[in-house]
>>> print(open('run24.txt').read())   # compact mmCIF, C-alpha atoms
# COMPACT_ATOMS: atom_id res chain seq x y z
CA MET A 202 0.00 0.00 0.00
CA SER A 203 1.41 3.39 -1.02
CA LEU A 204 2.07 6.16 1.48
CA ARG A 205 -0.58 8.33 -0.14
CA VAL A 206 -3.25 5.65 0.26
CA ARG A 207 -2.17 5.06 3.86
CA LEU A 208 -2.46 8.75 4.72
CA ILE A 209 -5.89 9.01 3.11
CA ALA A 210 -6.99 5.84 4.93
CA LEU A 211 -5.73 7.36 8.18
CA VAL A 212 -7.67 10.59 7.59
CA THR A 213 -10.80 8.60 6.65
CA ALA A 214 -10.45 6.47 9.77
CA ALA A 215 -10.04 9.60 11.90
CA LEU A 216 -13.18 11.11 10.36
CA ALA A 217 -15.09 7.87 10.90
CA ILE A 218 -13.98 7.65 14.53
CA GLY A 219 -14.91 11.30 15.03
CA LEU A 220 -18.29 10.64 13.44
CA VAL A 221 -18.97 7.65 15.67
CA MET A 222 -17.94 9.50 18.81
CA GLY A 223 -19.88 12.58 17.78
CA GLY A 224 -22.92 10.45 17.01
CA ALA A 225 -22.70 8.74 20.40
CA VAL A 226 -22.47 12.09 22.20
CA THR A 227 -25.36 13.44 20.12
CA LEU A 228 -27.57 10.48 20.98
CA ILE A 229 -26.80 10.76 24.69
CA ASN A 230 -27.53 14.50 24.68
CA ALA A 231 -30.60 14.01 22.46
CA SER A 232 -32.10 11.45 24.80
CA ARG A 233 -31.62 13.77 27.77
CA SER A 234 -32.94 16.76 25.81
CA VAL A 235 -36.08 14.93 24.60
CA ARG A 236 -36.78 13.63 28.09
CA ASN A 237 -36.48 17.15 29.56
CA GLU A 238 -38.64 18.62 26.82
CA MET A 239 -41.36 16.06 27.42
CA ARG A 240 -41.22 16.67 31.14
CA SER A 241 -41.55 20.43 30.63
CA ALA A 242 -44.41 20.05 28.12
CA LEU A 243 -46.29 17.72 30.49
CA LEU A 244 -45.78 20.12 33.40
CA VAL A 245 -47.17 23.07 31.40
CA GLY A 246 -50.12 21.01 30.20
CA ARG A 247 -50.85 19.78 33.71
CA GLN A 248 -50.86 23.33 35.12
CA THR A 249 -53.18 24.45 32.33
CA VAL A 250 -55.60 21.60 33.03
CA GLU A 251 -55.58 22.18 36.78
CA ASN A 252 -56.35 25.89 36.29
CA VAL A 253 -59.26 25.09 34.01
CA ILE A 254 -60.63 22.48 36.41
CA ARG A 255 -60.70 25.07 39.21
CA GLU A 256 -62.61 27.48 36.98
CA ILE A 257 -65.09 24.83 35.75
CA GLU A 258 -66.57 24.24 39.21
CA GLY A 259 -68.04 27.78 39.30
CA SER A 260 -68.82 28.06 35.60
CA PRO A 261 -72.44 28.13 34.33
CA ASP A 262 -71.35 26.20 31.19
CA PRO A 263 -68.73 23.61 32.08
CA ARG A 264 -69.02 21.89 28.69
CA ARG A 265 -67.96 25.04 26.95
CA GLU A 266 -64.98 25.38 29.28
CA LEU A 267 -63.85 21.89 28.38
CA ASP A 268 -64.22 22.64 24.67
CA ASP A 269 -62.10 25.77 25.10
CA LEU A 270 -59.53 23.68 26.98
CA ALA A 271 -59.32 21.18 24.16
CA ALA A 272 -59.03 24.02 21.64
CA SER A 273 -56.15 25.56 23.63
CA PHE A 274 -54.03 22.43 23.05
CA LYS A 275 -54.44 22.49 19.28
CA GLY A 276 -51.07 23.22 17.68
CA SER A 277 -49.15 21.60 20.49
CA ARG A 278 -46.08 19.63 19.24
CA HIS A 279 -45.56 17.32 22.20
CA LEU A 280 -48.95 16.64 23.91
CA ARG A 281 -51.92 14.48 23.02
CA VAL A 282 -55.00 15.63 25.01
CA SER A 283 -58.17 13.61 25.43
CA VAL A 284 -61.33 15.25 26.94
CA ILE A 285 -63.83 12.54 27.86
CA VAL A 286 -67.37 13.71 28.81
CA GLN A 287 -69.67 10.83 29.66
CA ASP A 288 -69.67 8.66 26.55
CA THR A 289 -68.09 11.17 24.16
CA ALA A 290 -64.37 11.91 23.82
CA GLU A 291 -62.55 14.69 22.04
CA ILE A 292 -58.92 13.94 21.26
CA VAL A 293 -56.48 16.67 20.25
CA GLN A 294 -53.48 15.16 18.39
CA PRO A 295 -50.14 17.01 18.20
CA ASP A 296 -49.26 18.43 14.82
CA ASP A 297 -46.74 16.33 12.91
CA ASP A 298 -43.62 18.23 11.77
CA LYS A 299 -42.40 17.76 8.23
CA SER A 300 -38.87 16.50 7.60
CA PRO A 301 -36.75 16.87 4.45
CA PHE A 302 -35.00 13.62 5.41
CA GLY A 303 -38.08 11.42 5.69
CA ARG A 304 -39.51 9.58 8.65
CA VAL A 305 -37.44 8.78 11.69
CA PRO A 306 -36.16 5.20 11.49
CA GLY A 307 -37.37 2.82 14.16
CA TRP A 308 -33.82 2.03 15.30
CA PHE A 309 -33.23 5.73 15.96
CA MET A 310 -36.43 5.94 18.01
CA ARG A 311 -35.28 2.92 20.02
CA MET A 312 -31.87 4.48 20.61
CA ILE A 313 -33.43 7.69 21.94
CA ALA A 314 -35.61 5.49 24.18
CA VAL A 315 -37.99 8.10 25.67
CA ALA A 316 -41.27 6.52 26.77
CA PRO A 317 -44.51 8.62 26.72
CA ALA A 318 -45.69 10.01 30.08
CA THR A 319 -49.41 10.28 31.02
CA PHE A 320 -51.39 12.58 33.35
CA ARG A 321 -55.06 11.99 34.24
CA ALA A 322 -57.25 14.63 35.82
CA PRO A 323 -60.95 13.88 36.76
CA VAL A 324 -63.49 16.76 36.60
CA THR A 325 -66.30 16.79 39.18
CA ILE A 326 -69.22 19.19 39.46
CA ASP A 327 -71.19 19.31 42.70
CA GLY A 328 -69.31 16.25 43.87
CA LYS A 329 -70.35 14.18 40.86
CA PRO A 330 -67.97 12.94 38.12
CA PHE A 331 -68.44 15.03 35.03
CA ALA A 332 -65.45 14.36 32.78
CA ASN A 333 -61.85 13.04 32.56
CA ILE A 334 -58.92 14.81 31.00
CA VAL A 335 -55.93 12.70 29.86
CA ILE A 336 -52.62 14.29 28.78
CA GLU A 337 -49.99 12.08 27.13
CA THR A 338 -46.59 13.17 25.90
CA ASP A 339 -45.64 12.40 22.29
CA PRO A 340 -41.85 12.64 21.67
CA ARG A 341 -42.02 12.02 17.92
CA ASN A 342 -41.66 15.66 16.85
CA GLU A 343 -38.80 16.26 19.25
CA ILE A 344 -37.04 13.10 18.06
CA LEU A 345 -37.71 14.19 14.50
CA GLU A 346 -35.99 17.49 15.26
CA VAL A 347 -32.96 15.65 16.60
CA TRP A 348 -32.99 13.40 13.54
CA ASN A 349 -33.07 16.42 11.24
CA GLU A 350 -30.14 18.04 13.02
CA LEU A 351 -28.10 14.83 12.98
CA SER A 352 -28.90 14.15 9.33
CA GLY A 353 -27.96 17.69 8.37
CA SER A 354 -24.67 17.41 10.28
CA LEU A 355 -23.90 14.11 8.58
CA ILE A 356 -24.60 15.56 5.16
CA VAL A 357 -22.39 18.57 5.87
CA LEU A 358 -19.64 16.27 7.15
CA ALA A 359 -19.99 14.07 4.08
CA LEU A 360 -19.72 17.11 1.81
CA ILE A 361 -16.68 18.37 3.71
CA SER A 362 -15.06 14.94 3.61
CA SER A 363 -15.76 14.56 -0.10
CA GLY A 364 -13.93 17.84 -0.59
CA ILE A 365 -11.13 17.24 1.92
CA ILE A 366 -10.12 13.75 0.77
CA PRO A 367 -9.49 14.79 -2.88
CA LEU A 368 -7.56 17.83 -1.63
CA ILE A 369 -5.49 15.60 0.66
CA PHE A 370 -4.94 13.19 -2.23
CA PHE A 371 -3.79 16.04 -4.46
CA PHE A 372 -1.55 17.83 -1.97
CA ILE A 373 0.00 14.62 -0.61
CA GLY A 374 0.74 13.54 -4.15
CA ARG A 375 2.33 16.92 -4.83
CA ALA A 376 4.30 16.78 -1.58
CA LEU A 377 5.51 13.23 -2.32
CA ARG A 378 6.47 13.98 -5.91
CA PRO A 379 10.01 15.05 -4.90
CA LEU A 380 10.42 11.68 -3.18
CA GLY A 381 9.77 10.07 -6.53
CA ARG A 382 12.53 12.17 -8.07
CA LEU A 383 14.80 11.28 -5.17
CA THR A 384 14.03 7.62 -5.80
CA GLN A 385 14.90 7.99 -9.47
CA ALA A 386 18.11 9.78 -8.53
CA MET A 387 19.04 6.98 -6.11
CA GLU A 388 18.40 4.43 -8.86
CA GLN A 389 20.78 6.37 -11.10
CA VAL A 390 23.37 6.35 -8.31
CA GLY A 391 22.83 2.61 -7.99
CA ARG A 392 23.62 2.31 -11.72
CA GLY A 393 26.89 4.18 -11.19
CA ASP A 394 25.88 7.71 -12.23
CA TYR A 395 27.27 9.74 -9.33
CA ARG A 396 26.91 13.11 -11.04
CA ILE A 397 23.15 13.27 -10.49
CA ARG A 398 21.93 16.04 -8.17
CA VAL A 399 18.46 17.01 -6.88
CA SER A 400 17.73 20.75 -6.90
CA ASP A 401 13.96 20.97 -6.23
CA ARG A 402 12.58 23.46 -3.74
CA LEU A 403 11.26 21.33 -0.90
CA THR A 404 9.87 21.54 2.59
CA PRO A 405 12.47 21.77 5.37
CA GLU A 406 12.17 18.05 6.18
CA LEU A 407 12.60 16.95 2.57
CA ALA A 408 15.24 19.65 1.99
CA ARG A 409 17.45 17.96 4.60
CA LEU A 410 16.97 14.65 2.83
CA ARG A 411 17.81 16.30 -0.52
CA ASP A 412 20.96 17.92 0.89
CA SER A 413 22.07 14.63 2.45
CA PHE A 414 21.54 12.86 -0.88
CA ASN A 415 23.51 15.51 -2.77
CA ARG A 416 26.38 15.25 -0.27
CA MET A 417 26.35 11.47 -0.58
CA ALA A 418 26.37 11.68 -4.39
CA ALA A 419 29.24 14.20 -4.30
CA GLN A 420 31.27 11.95 -2.00
CA LEU A 421 30.58 8.92 -4.19
CA GLU A 422 31.59 10.92 -7.27
CA ALA A 423 34.82 12.01 -5.56
CA ALA A 424 35.50 8.42 -4.45
CA ASP A 425 34.81 7.17 -7.97
CA ASP A 426 37.19 9.76 -9.42
CA ASP A 427 39.80 8.76 -6.83
CA ASN A 428 39.40 5.09 -7.72
CA ARG A 429 39.72 5.87 -11.42
CA ARG A 430 42.81 8.02 -10.77
CA LEU A 431 44.29 5.35 -8.51
CA ASN A 432 43.72 2.68 -11.14
CA GLU A 433 45.55 4.85 -13.66
CA GLN A 434 48.37 5.44 -11.18
CA LEU A 435 48.50 1.74 -10.40
CA LEU A 436 48.84 0.89 -14.08
CA THR A 437 51.57 3.54 -14.42
CA LEU A 438 53.40 2.23 -11.37
CA GLN A 439 53.13 -1.32 -12.64
CA GLU A 440 54.56 -0.29 -15.98
CA GLU A 441 57.38 1.61 -14.27
CA GLU A 442 58.12 -1.36 -12.02
CA ARG A 443 58.11 -3.75 -14.96
CA SER A 444 60.39 -1.42 -16.90
CA GLU A 445 62.77 -1.22 -13.95
CA ILE A 446 62.81 -5.00 -13.54
CA ALA A 447 63.34 -5.43 -17.27
CA ARG A 448 66.18 -2.89 -17.16
CA ASP A 449 67.82 -4.71 -14.23
CA LEU A 450 67.45 -8.02 -16.00
CA HIS A 451 68.95 -6.57 -19.15
CA ASP A 452 71.73 -4.56 -17.53
CA GLU A 453 72.65 -6.77 -14.59
CA ILE A 454 71.52 -10.32 -15.29
CA GLY A 455 71.92 -10.47 -19.09
CA PRO A 456 75.67 -9.82 -19.34
CA PHE A 457 76.52 -12.32 -16.62
CA LEU A 458 74.33 -14.99 -18.20
CA PHE A 459 76.10 -14.31 -21.48
CA ALA A 460 79.48 -14.59 -19.70
CA ILE A 461 78.45 -17.88 -18.06
CA ASN A 462 77.38 -19.19 -21.47
CA VAL A 463 80.72 -18.18 -23.00
CA ASP A 464 82.73 -19.73 -20.13
CA ALA A 465 80.70 -22.96 -20.31
CA ALA A 466 81.26 -23.17 -24.08
CA THR A 467 84.97 -22.47 -23.58
CA ILE A 468 85.26 -25.23 -20.97
CA GLY A 469 83.68 -27.69 -23.40
CA LYS A 470 86.09 -26.63 -26.13
CA LEU A 471 89.11 -26.92 -23.79
CA VAL A 472 88.07 -30.42 -22.74
CA LYS A 473 87.83 -31.50 -26.36
CA GLU A 474 91.26 -30.03 -27.12
CA ASP A 475 92.75 -31.75 -24.06
CA ARG A 476 93.59 -28.43 -22.39
CA ALA A 477 92.22 -29.29 -18.94
CA ALA A 478 94.74 -27.10 -17.19
CA GLU A 479 92.85 -23.99 -18.36
CA VAL A 480 89.43 -25.21 -17.19
CA PRO A 481 89.67 -24.11 -13.47
CA ALA A 482 90.06 -20.46 -14.45
CA HIS A 483 86.89 -20.47 -16.51
CA SER A 484 85.09 -22.48 -13.82
CA GLN A 485 86.05 -19.83 -11.27
CA SER A 486 84.64 -17.17 -13.60
CA ILE A 487 81.32 -19.04 -13.76
CA THR A 488 81.23 -19.29 -9.95
CA GLU A 489 81.83 -15.56 -9.53
CA ALA A 490 79.17 -14.74 -12.13
CA VAL A 491 76.60 -16.97 -10.37
CA ARG A 492 77.46 -15.34 -7.02
CA HIS A 493 76.89 -11.92 -8.55
CA LEU A 494 73.60 -13.08 -10.08
CA GLN A 495 72.45 -14.32 -6.69
CA ARG A 496 73.14 -10.92 -5.13
CA GLN A 497 71.27 -9.17 -7.92
CA VAL A 498 68.26 -11.49 -7.68
CA ARG A 499 68.22 -11.10 -3.88
CA GLY A 500 68.20 -7.32 -4.30
CA MET A 501 65.36 -7.47 -6.83
CA LEU A 502 63.35 -9.72 -4.51
CA GLY A 503 63.96 -7.29 -1.65
CA ARG A 504 62.42 -4.49 -3.70
CA LEU A 505 59.42 -6.64 -4.64
CA TRP A 506 58.82 -8.05 -1.17
CA PRO A 507 60.24 -6.80 2.15
CA VAL A 508 62.17 -9.89 3.16
CA GLY A 509 62.88 -9.83 6.89
CA VAL A 510 59.84 -7.95 8.22
CA ALA A 511 57.93 -11.06 9.21
CA GLU A 512 61.00 -13.15 10.00
CA PHE A 513 63.21 -10.74 11.94
CA GLY A 514 61.02 -7.73 12.79
CA LEU A 515 60.73 -4.15 11.64
CA SER A 516 64.05 -2.98 13.07
CA GLU A 517 66.07 -5.68 11.25
CA ALA A 518 64.13 -5.10 8.01
CA VAL A 519 64.79 -1.35 8.11
CA GLY A 520 68.43 -2.06 8.95
CA SER A 521 68.72 -4.33 5.91
CA LEU A 522 67.13 -1.66 3.74
CA VAL A 523 69.55 0.98 5.01
CA GLY A 524 72.43 -1.44 4.47
CA PHE A 525 71.33 -1.94 0.84
CA TRP A 526 71.71 1.79 0.11
CA GLN A 527 74.79 2.18 2.33
CA ARG A 528 76.70 -0.30 0.22
CA ARG A 529 75.82 1.63 -2.92
CA HIS A 530 76.19 5.13 -1.53
CA PRO A 531 78.67 4.91 1.37
CA GLU A 532 79.25 8.66 1.28
CA ILE A 533 75.81 9.29 2.85
CA ILE A 534 75.35 9.12 6.64
CA TYR A 535 72.34 6.97 7.61
CA ARG A 536 70.71 7.14 11.05
CA ALA A 537 67.79 4.81 11.82
CA MET A 538 65.91 4.74 15.14
CA VAL A 539 63.12 2.20 15.75
CA ALA A 540 61.36 2.25 19.14
CA PRO A 541 61.12 -1.18 20.86
CA ASP A 542 57.31 -0.96 21.17
CA CYS A 543 57.08 -0.84 17.36
CA GLU A 544 57.98 -4.51 17.04
CA GLY A 545 55.28 -7.13 16.54
CA LEU A 546 52.90 -4.75 14.74
CA GLY A 547 51.45 -7.27 12.35
CA SER A 548 52.28 -7.90 8.72
CA ARG A 549 50.10 -5.20 7.16
CA ILE A 550 51.25 -2.30 9.37
CA ALA A 551 54.90 -3.37 9.39
CA THR A 552 54.91 -3.77 5.59
CA THR A 553 53.33 -0.33 5.17
CA ILE A 554 56.02 1.27 7.36
CA TYR A 555 58.72 -0.62 5.47
CA ARG A 556 57.37 0.60 2.11
CA ILE A 557 57.29 4.19 3.35
CA VAL A 558 60.91 4.04 4.47
CA GLN A 559 61.87 2.26 1.23
CA GLU A 560 60.25 4.94 -0.94
CA CYS A 561 61.76 7.78 1.11
CA LEU A 562 65.27 6.36 0.93
CA SER A 563 64.95 5.73 -2.78
CA ASN A 564 63.72 9.29 -3.45
CA ALA A 565 66.37 10.88 -1.23
CA VAL A 566 69.31 8.93 -2.70
CA ARG A 567 68.24 9.17 -6.33
CA HIS A 568 66.94 12.75 -6.46
CA GLY A 569 68.02 14.68 -3.34
CA ASN A 570 71.83 14.19 -3.22
CA PRO A 571 71.80 14.35 0.61
CA ALA A 572 74.72 14.13 3.02
CA GLU A 573 72.62 12.66 5.85
CA ILE A 574 69.32 10.79 6.11
CA VAL A 575 67.59 10.32 9.49
CA ILE A 576 64.83 7.72 9.96
CA SER A 577 62.69 7.69 13.11
CA ILE A 578 59.91 5.20 13.89
CA GLY A 579 58.06 5.54 17.19
CA ARG A 580 54.69 5.24 18.84
CA ASP A 581 52.39 8.14 19.77
CA PRO A 582 50.51 6.82 22.85
CA ALA A 583 48.04 9.73 22.81
CA CYS A 584 46.30 8.47 19.67
CA ASP A 585 47.63 4.90 19.23
CA GLU A 586 49.55 5.69 16.07
CA ILE A 587 52.93 4.74 14.71
CA VAL A 588 54.73 7.89 13.55
CA VAL A 589 57.34 7.46 10.79
CA ALA A 590 59.62 10.46 10.12
CA VAL A 591 62.27 10.55 7.37
CA VAL A 592 64.39 13.72 7.10
CA ASP A 593 67.32 14.50 4.76
CA ASP A 594 69.45 17.54 4.03
CA GLY A 595 69.42 17.22 0.26
CA SER A 596 67.98 19.45 -2.45
CA GLY A 597 64.37 18.83 -1.45
CA LEU A 598 61.29 18.27 -3.60
CA CYS A 599 61.31 19.88 -7.02
CA GLU A 600 57.94 21.60 -7.48
CA ALA A 601 58.02 21.96 -11.24
CA PRO A 602 57.11 18.40 -12.29
CA GLY A 603 54.65 17.92 -9.41
CA VAL A 604 54.37 15.20 -6.82
CA GLY A 605 55.68 11.85 -7.94
CA TYR A 606 53.77 8.59 -8.08
CA GLY A 607 55.73 7.23 -5.12
CA LEU A 608 54.44 9.91 -2.74
CA ILE A 609 50.91 9.59 -4.16
CA GLY A 610 51.05 5.84 -3.67
CA MET A 611 52.15 6.28 -0.04
CA GLU A 612 49.37 8.79 0.60
CA GLU A 613 46.71 6.52 -0.86
CA ARG A 614 48.03 3.50 1.06
CA LEU A 615 47.86 5.45 4.33
CA ARG A 616 44.43 6.89 3.54
CA ALA A 617 43.10 3.37 2.99
CA MET A 618 44.30 2.52 6.52
CA GLY A 619 42.94 5.75 8.03
CA GLY A 620 46.37 7.32 8.33
CA ARG A 621 47.89 10.67 7.31
CA LEU A 622 50.89 11.78 5.29
CA ASP A 623 52.65 15.14 5.54
CA PHE A 624 55.69 16.15 3.49
CA ARG A 625 57.42 19.44 2.76
CA ASN A 626 60.76 21.00 1.95
CA ARG A 627 62.70 22.07 5.02
CA PRO A 628 63.49 25.80 5.46
CA VAL A 629 67.15 24.96 6.12
CA GLY A 630 67.30 22.72 3.07
CA GLY A 631 66.32 19.16 2.43
CA PHE A 632 63.07 17.23 2.64
CA ALA A 633 60.95 16.02 5.60
CA LEU A 634 58.19 13.40 5.51
CA THR A 635 55.95 12.35 8.41
CA ALA A 636 53.51 9.45 8.20
CA SER A 637 50.96 8.51 10.90
CA VAL A 638 49.83 4.88 10.76
CA PRO A 639 46.81 3.94 12.98
CA CYS A 640 47.52 0.97 15.23
CA PRO A 641 44.83 0.66 17.97
CA GLU A 642 46.02 -2.75 19.18
CA LEU A 643 49.75 -2.55 19.58
CA ARG A 644 51.25 -5.78 20.79
CA GLN A 645 54.10 -5.92 23.28
CA PRO A 646 57.55 -6.14 21.71
CA ALA A 647 58.33 -9.73 20.88
CA VAL A 648 62.05 -9.20 21.21
CA ALA A 649 63.84 -7.00 23.70
CA ALA A 650 65.66 -4.16 21.95
CA SER A 651 67.29 -0.94 22.86
CA SER A 652 65.34 2.30 22.55
CA LYS A 653 67.64 3.44 19.77
CA ALA A 654 69.36 1.44 17.09
CA ALA A 655 71.91 3.32 15.06
CA ILE A 656 72.87 1.77 11.80
>>> encode(input="run24.txt", output="structure tokens")
Amino acid sequence: MSLRVRLIALVTAALAIGLVMGGAVTLINASRSVRNEMRSALLVGRQTVENVIREIEGSPDPRRELDDLAASFKGSRHLRVSVIVQDTAEIVQPDDDKSPFGRVPGWFMRMIAVAPATFRAPVTIDGKPFANIVIETDPRNEILEVWNELSGSLIVLALISSGIIPLIFFFIGRALRPLGRLTQAMEQVGRGDYRIRVSDRLTPELARLRDSFNRMAAQLEAADDDNRRLNEQLLTLQEEERSEIARDLHDEIGPFLFAINVDAATIGKLVKEDRAAEVPAHSQSITEAVRHLQRQVRGMLGRLWPVGVAEFGLSEAVGSLVGFWQRRHPEIIYRAMVAPDCEGLGSRIATTIYRIVQECLSNAVRHGNPAEIVISIGRDPACDEIVVAVVDDGSGLCEAPGVGYGLIGMEERLRAMGGRLDFRNRPVGGFALTASVPCPELRQPAVAASSKAAI
């Protein structure tokens, strides 16, 4: 059942209940009113009869007095008067009122339930019975009057209701029309169209709903744009990573594989020519080439996956990462400090911190030309966060090309975890990055460590 039909049904039920209650009150008051009216009419008629009886006893023509009495009751609406003289009786009936709504139904008469009342007055002259006067109340006209009033009220109420219900139907439909547009807009959002907005002028209640919907659609549109941008960045990063791996394979692995192939072919040739004395030299060359390949593959695997975080902890993993760059750029001073309560953080948080440090070191060494890099990882107990700070004294971030994909990737990774990233060039020169990683359930350090570890 639609909301419009429910509201109209509610209004109709309220009118019906009001009608029933009003009808019940009307019947109760009508019964009391008719009973009082009959009592008053009987009292007036009784006083009239008693006055006439007193006058008849001294009258020379008592019959005429009785005729005048009967005539005085003609036109009465509530009394039936019977004047009985010896064997003759004159009955004066009350006049019947006319009703535009027809006769009073029997059930209505029974609901009013006012029984006729009777008064008998004997007339004696010289101590002898002369006549009897009987007065009887007749509530029909009074009940008819109540019936007319009730019928008129019902007709007026019916006319009002017949006008109100269509108006309610119209205005409710008009008021609910914006909800229909909101529903259509929500369906469009469900189909992925987040640019839809609702701009109708609405009542304050519906205006709040409209504003909330528009805010939701704007947030979904922004999130959709972010997802699209992140997908593009992800594809770009993947291509860059693949290009870097391909370059390493070509520049580092390829030549040594070629050298191994040449040495192996030379060994085979020397064996055929019975020059075994020269074989150990070429065999040693193959061994050195394989050892170099192992180091290169281990370095590539370290960039793809942070080996050591799960096995040895965050401090050892960061130390290995610093050692990787220290071997390649020994002229730079590296200082790494990992607080002991930052161990045992869980794979996801520890890997995120490792990736942040990895990206910062890579950016600083490749682009900043620093003399010193300081890494600090500690816990902020006020808000249960791990704070990662990487500071260098290099050339800082170049603003011309914009923020690189590495920093954007870090920011998006932290945002997905509810964290924050702040980076800026230092006034004294160099670059500073601070990352806050939420960690509401920090575990106790699994391994005892000093508060500072300098590498």
>>> atom_distance(input="run24.txt", atom1="atom CA of A:Ala482", atom2="atom CA of A:Ile461")
12.4 Å
>>> atom_distance(input="run24.txt", atom1="atom CA of A:Glu388", atom2="atom CA of A:Arg207")
24.2 Å
>>> residues_around(input="run24.txt", residues="A:Leu280", least_positions_apart="6", cutoff="7 Å", atoms="only C-alpha atoms", output="PyMOL selection string")
chain A and resi 295+336-339
>>> residues_around(input="run24.txt", residues="A:Gly246", least_positions_apart="2", cutoff="12 Å", atoms="only C-alpha atoms", output="ChimeraX atom specification")
/A:239-244,248-253,270-271,273-275,277-283,318-322,334-338
>>> residues_around(input="run24.txt", residues="stretch 344-354 of chain A", least_positions_apart="2", cutoff="10 Å", atoms="only C-alpha atoms", output="CSV table (one decimal) with C-alpha atoms, in the coordinates of the input")
chain,number,residue,atom,x,y,z
A,220,LEU,CA,-18.3,10.6,13.4
A,223,GLY,CA,-19.9,12.6,17.8
A,224,GLY,CA,-22.9,10.4,17.0
A,227,THR,CA,-25.4,13.4,20.1
A,228,LEU,CA,-27.6,10.5,21.0
A,230,ASN,CA,-27.5,14.5,24.7
A,231,ALA,CA,-30.6,14.0,22.5
A,232,SER,CA,-32.1,11.4,24.8
A,234,SER,CA,-32.9,16.8,25.8
A,235,VAL,CA,-36.1,14.9,24.6
A,297,ASP,CA,-46.7,16.3,12.9
A,298,ASP,CA,-43.6,18.2,11.8
A,299,LYS,CA,-42.4,17.8,8.2
A,300,SER,CA,-38.9,16.5,7.6
A,301,PRO,CA,-36.8,16.9,4.4
A,302,PHE,CA,-35.0,13.6,5.4
A,303,GLY,CA,-38.1,11.4,5.7
A,304,ARG,CA,-39.5,9.6,8.6
A,305,VAL,CA,-37.4,8.8,11.7
A,306,PRO,CA,-36.2,5.2,11.5
A,309,PHE,CA,-33.2,5.7,16.0
A,310,MET,CA,-36.4,5.9,18.0
A,313,ILE,CA,-33.4,7.7,21.9
A,314,ALA,CA,-35.6,5.5,24.2
A,315,VAL,CA,-38.0,8.1,25.7
A,339,ASP,CA,-45.6,12.4,22.3
A,340,PRO,CA,-41.8,12.6,21.7
A,341,ARG,CA,-42.0,12.0,17.9
A,342,ASN,CA,-41.7,15.7,16.8
A,356,ILE,CA,-24.6,15.6,5.2
A,357,VAL,CA,-22.4,18.6,5.9
A,358,LEU,CA,-19.6,16.3,7.2
A,359,ALA,CA,-20.0,14.1,4.1
A,360,LEU,CA,-19.7,17.1,1.8
>>> atom_distance(input="run24.txt", atom1="atom CA of A:Leu208", atom2="atom CA of A:Ser362")
14.1 Å
